[in-house]
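Notes follow the structure.
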Amino acid sequence: MTDKLILRALAGETLPTPPIWMMRQAGRYLPEYRATRAEAGDFLSLCYNSELAAEVTLQPIRRYGFDAAILFADILLLPQALGADLWFVTGEGPRLSTITDQAGFDALKPADAVHEHLSPVYETVRILSRELPKETTLIGFAGAPWTVATYMIAGRGTPDQGPAHALKAENRLLFEALLDRLTEATIGYLSSQIEAGAEVVKIFDSWAGSLQGDDFQKYAIEPARRITTELKARHPETPIIAFPRGAGERYVGLHQAIGADCIALDDGVTPEWAADHVQVDGCVQGNLKSSHMVTGGDDLVRETRRVVDALSKGPHIFNLGHGITPDADPENVQLMIDTIRGG
Ligand code: CP3
């Protein structure tokens, strides 16, 4: 039996105090992150500099003693490895060359050609598996095919994923070919992270919630299920966390539908509802509103306790409902942790 708390929760154990980590825990709210990013030059250079990417991954572990470290990288490195151009506009977010027609799709590399480009990421994982404290779990990740496709089709983040929905309506074959290519590449990418030392992997489907009707099953659940099925065949011991953000009532039954060990909850569902409808099927992760990391105070303490109490009767990993934002106060993170660990 492992003494890593995250692995115990993922194996289905109900713990007296939930293990804790935060999405985007290495990020701009931390002065030490901003300093290392400046040293690297820019965000993408930081992602591909294995030593510095490992350093920023370790920073929140040193400061707060989180139970898990998440590999520092980005979901958009995979499309870049497939041949898309990628750059980040400061204050605005990612930009990519767009895929809107067959010629754009045909220019992509095959799924198994991504590894050389991604080798610095695997090196970051290897460094971390040597340097992390023995009680800390290392989480690798990738974006889900649908979410990554929304950025590849639009060339940027979009409020409603309009361009991806439009391509799906106008050229379903091309859209499905793109999702297939991403599904295959994601399997290879996550497998390689596991082989380099990732102990858990997480699939981020940030825009799953915008898929309506049958599309949710076809383009959020089925690709995730293909990924988990293949990863479980290759690496049966490695737990998988799935995060179909915005699923709402469709969170019910997803452990089985996806074949995931843990379902990550956003803050669109209450922890009480999730205890009754999702945690009954296995471990859940979440789901404090990340705005509490900005506002702090009594509300933070009350809502943190509420999440812990509501999910205390089953396996639970404490997290936010989405990534911590750059305007968060590092002291509020400490207050959240003290509230959970100090009772
Ligand atoms: O959680 C972590 O600490 C691990 C590293 C991580 C990053 N991005 C680092 C990052 C992870 C797991 C991601 C996932 C990611 N990236 C997602 C899925 C999760 C989610 O947030 O919904 C998405 C959609 C992306 C794409 C992406 N990367 C966007 C839209 C942006 C711009 C928005 C922003 O916050 O600036 C990024 C940039 C990014 N990725 C930053 C970090 C720390 C900020 C970049 C910087 O330092 O300037």
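Letters for chains follow the order of the structure tokens (A, B, ...), residue numbers begin at 1 for each chain, and ligand numbers begin at 1 in the order shown.
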
Counting only C-alpha atoms and all ligand atoms, what are the residues of chain A within 9 Å of ligand 1, and for each of them which pair of atoms is the nearest and at what distance in Å, to one decimal? Sort the table by chain and rising number, as a tab-separated table.
residue	atom	partner	partner_atom_place_in_ligand_line	distance
A:Met22	CA	ligand 1	1 (O)	7.0
A:Met23	CA	ligand 1	1 (O)	4.1
A:Arg24	CA	ligand 1	3 (O)	3.0
A:Gln25	CA	ligand 1	3 (O)	4.5
A:Ala26	CA	ligand 1	3 (O)	4.5
A:Gly27	CA	ligand 1	43 (C)	4.4
A:Arg28	CA	ligand 1	47 (O)	5.7
A:Tyr33	CA	ligand 1	47 (O)	8.0
A:Arg34	CA	ligand 1	47 (O)	7.3
A:Arg37	CA	ligand 1	47 (O)	6.8
A:Asp42	CA	ligand 1	48 (O)	7.4
A:Phe43	CA	ligand 1	47 (O)	5.1
A:Leu44	CA	ligand 1	45 (C)	8.3
A:Leu46	CA	ligand 1	47 (O)	8.6
A:Cys47	CA	ligand 1	9 (C)	8.3
A:Val56	CA	ligand 1	3 (O)	8.9
A:Thr57	CA	ligand 1	3 (O)	7.3
A:Ala69	CA	ligand 1	3 (O)	8.2
A:Ile70	CA	ligand 1	4 (C)	5.2
A:Leu71	CA	ligand 1	4 (C)	5.7
A:Phe72	CA	ligand 1	5 (C)	4.3
A:Ala73	CA	ligand 1	5 (C)	4.9
A:Asp74	CA	ligand 1	8 (N)	4.3
A:Ile75	CA	ligand 1	16 (N)	4.8
A:Leu76	CA	ligand 1	26 (C)	6.1
A:Phe88	CA	ligand 1	38 (C)	7.6
A:Val89	CA	ligand 1	32 (C)	8.7
A:Thr90	CA	ligand 1	48 (O)	6.7
A:Gly91	CA	ligand 1	36 (O)	6.7
A:Glu92	CA	ligand 1	32 (C)	6.9
A:Gly93	CA	ligand 1	32 (C)	4.0
A:Pro94	CA	ligand 1	29 (C)	5.8
A:Gly140	CA	ligand 1	12 (C)	8.3
A:Phe141	CA	ligand 1	12 (C)	6.4
A:Ala142	CA	ligand 1	12 (C)	7.4
A:Gly143	CA	ligand 1	18 (C)	6.2
A:Ala144	CA	ligand 1	18 (C)	8.8
A:Thr147	CA	ligand 1	24 (C)	7.1
A:Val148	CA	ligand 1	24 (C)	7.7
A:Tyr151	CA	ligand 1	26 (C)	8.3
A:Arg156	CA	ligand 1	30 (C)	7.9
A:Gly157	CA	ligand 1	30 (C)	5.9
A:Lys202	CA	ligand 1	12 (C)	8.4
A:Ile203	CA	ligand 1	18 (C)	8.7
A:Phe204	CA	ligand 1	18 (C)	5.3
A:Asp205	CA	ligand 1	18 (C)	6.9
A:Ser206	CA	ligand 1	22 (O)	4.4
A:Trp207	CA	ligand 1	22 (O)	7.5
A:Phe243	CA	ligand 1	19 (C)	8.9
A:Arg245	CA	ligand 1	22 (O)	7.9
A:His322	CA	ligand 1	21 (O)	6.5
A:Gly323	CA	ligand 1	21 (O)	5.5
A:Ile324	CA	ligand 1	1 (O)	8.5
A:Thr325	CA	ligand 1	35 (O)	7.0
A:Pro326	CA	ligand 1	35 (O)	7.6

With C-alpha atoms kept, could you save the residues just selected as a PDB file, in the first residue's frame?
ATOM      1  CA  MET A  22      -4.742  23.285  -7.208  1.00  0.00           C
ATOM      2  CA  MET A  23      -5.135  23.654 -10.949  1.00  0.00           C
ATOM      3  CA  ARG A  24      -2.576  26.235 -12.209  1.00  0.00           C
ATOM      4  CA  GLN A  25      -0.798  26.039  -8.849  1.00  0.00           C
ATOM      5  CA  ALA A  26       2.413  27.059 -10.629  1.00  0.00           C
ATOM      6  CA  GLY A  27       1.326  30.389 -12.057  1.00  0.00           C
ATOM      7  CA  ARG A  28       1.417  34.127 -12.192  1.00  0.00           C
ATOM      8  CA  TYR A  33       6.908  31.899 -10.861  1.00  0.00           C
ATOM      9  CA  ARG A  34       7.022  35.377 -12.433  1.00  0.00           C
ATOM     10  CA  ARG A  37       9.272  32.974 -16.335  1.00  0.00           C
ATOM     11  CA  ASP A  42       8.425  33.810 -22.231  1.00  0.00           C
ATOM     12  CA  PHE A  43       5.807  31.202 -21.395  1.00  0.00           C
ATOM     13  CA  LEU A  44       6.570  28.756 -24.225  1.00  0.00           C
ATOM     14  CA  LEU A  46       9.566  28.087 -20.004  1.00  0.00           C
ATOM     15  CA  CYS A  47       7.479  25.059 -21.082  1.00  0.00           C
ATOM     16  CA  VAL A  56       8.254  26.177 -11.399  1.00  0.00           C
ATOM     17  CA  THR A  57       6.484  22.858 -10.820  1.00  0.00           C
ATOM     18  CA  ALA A  69       2.626  18.435  -8.308  1.00  0.00           C
ATOM     19  CA  ILE A  70       1.278  18.902 -11.825  1.00  0.00           C
ATOM     20  CA  LEU A  71       3.779  18.855 -14.643  1.00  0.00           C
ATOM     21  CA  PHE A  72       4.342  22.391 -15.931  1.00  0.00           C
ATOM     22  CA  ALA A  73       3.402  22.434 -19.621  1.00  0.00           C
ATOM     23  CA  ASP A  74       0.341  23.383 -21.669  1.00  0.00           C
ATOM     24  CA  ILE A  75      -2.395  21.516 -23.522  1.00  0.00           C
ATOM     25  CA  LEU A  76      -1.416  23.390 -26.708  1.00  0.00           C
ATOM     26  CA  PHE A  88       1.108  33.508 -26.896  1.00  0.00           C
ATOM     27  CA  VAL A  89       0.036  37.152 -26.967  1.00  0.00           C
ATOM     28  CA  THR A  90       0.700  38.714 -23.568  1.00  0.00           C
ATOM     29  CA  GLY A  91      -2.507  39.581 -21.779  1.00  0.00           C
ATOM     30  CA  GLU A  92      -4.624  37.869 -24.440  1.00  0.00           C
ATOM     31  CA  GLY A  93      -3.737  34.187 -24.614  1.00  0.00           C
ATOM     32  CA  PRO A  94      -2.799  31.601 -27.214  1.00  0.00           C
ATOM     33  CA  GLY A 140       0.907  14.461 -15.998  1.00  0.00           C
ATOM     34  CA  PHE A 141      -1.805  15.782 -18.312  1.00  0.00           C
ATOM     35  CA  ALA A 142      -3.098  16.494 -21.781  1.00  0.00           C
ATOM     36  CA  GLY A 143      -6.039  18.377 -23.217  1.00  0.00           C
ATOM     37  CA  ALA A 144      -9.023  16.334 -24.371  1.00  0.00           C
ATOM     38  CA  THR A 147     -10.948  21.096 -26.253  1.00  0.00           C
ATOM     39  CA  VAL A 148      -7.641  21.029 -28.143  1.00  0.00           C
ATOM     40  CA  TYR A 151      -8.184  26.016 -30.295  1.00  0.00           C
ATOM     41  CA  ARG A 156      -7.376  31.062 -30.428  1.00  0.00           C
ATOM     42  CA  GLY A 157      -9.611  30.751 -27.377  1.00  0.00           C
ATOM     43  CA  LYS A 202      -5.425  14.052 -16.079  1.00  0.00           C
ATOM     44  CA  ILE A 203      -7.440  14.806 -19.219  1.00  0.00           C
ATOM     45  CA  PHE A 204      -8.581  18.452 -19.366  1.00  0.00           C
ATOM     46  CA  ASP A 205     -11.797  18.911 -21.358  1.00  0.00           C
ATOM     47  CA  SER A 206     -12.317  22.571 -20.524  1.00  0.00           C
ATOM     48  CA  TRP A 207     -14.997  23.073 -23.179  1.00  0.00           C
ATOM     49  CA  PHE A 243     -12.229  16.821 -16.171  1.00  0.00           C
ATOM     50  CA  ARG A 245     -15.729  20.947 -17.357  1.00  0.00           C
ATOM     51  CA  HIS A 322     -10.939  25.771 -12.267  1.00  0.00           C
ATOM     52  CA  GLY A 323      -7.415  27.227 -12.353  1.00  0.00           C
ATOM     53  CA  ILE A 324      -6.248  29.803  -9.815  1.00  0.00           C
ATOM     54  CA  THR A 325      -6.126  33.260 -11.424  1.00  0.00           C
ATOM     55  CA  PRO A 326      -3.168  35.695 -11.597  1.00  0.00           C
TER      56      PRO A 326
END

From a DSSP pass on the backbone, collect the residues of region 103-273 of chain A flagged as strand (DSSP E or B) and hand them back as a PyMOL selection string. chain A and resi 137-143+156+200-205+240-244+262-264

If I take CA of Asn49 (chain A) and CA of Ala111 (chain A), how far is one from the other in Å, to one decimal? 23.1 Å

Residue nearest Ile61 (chain A) - candidates A:Glu135, A:Glu272, A:Asp112, A:Glu170, atoms counted: only C-alpha atoms: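 Closest candidate: A:Glu135.
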
Residue among A:Gln212, A:Gln161, A:Ser192, A:Ser312 lying closest to Leu15 (chain A), counting only C-alpha atoms: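 Selected residue with least distance to Leu15 (chain A): A:Ser312.
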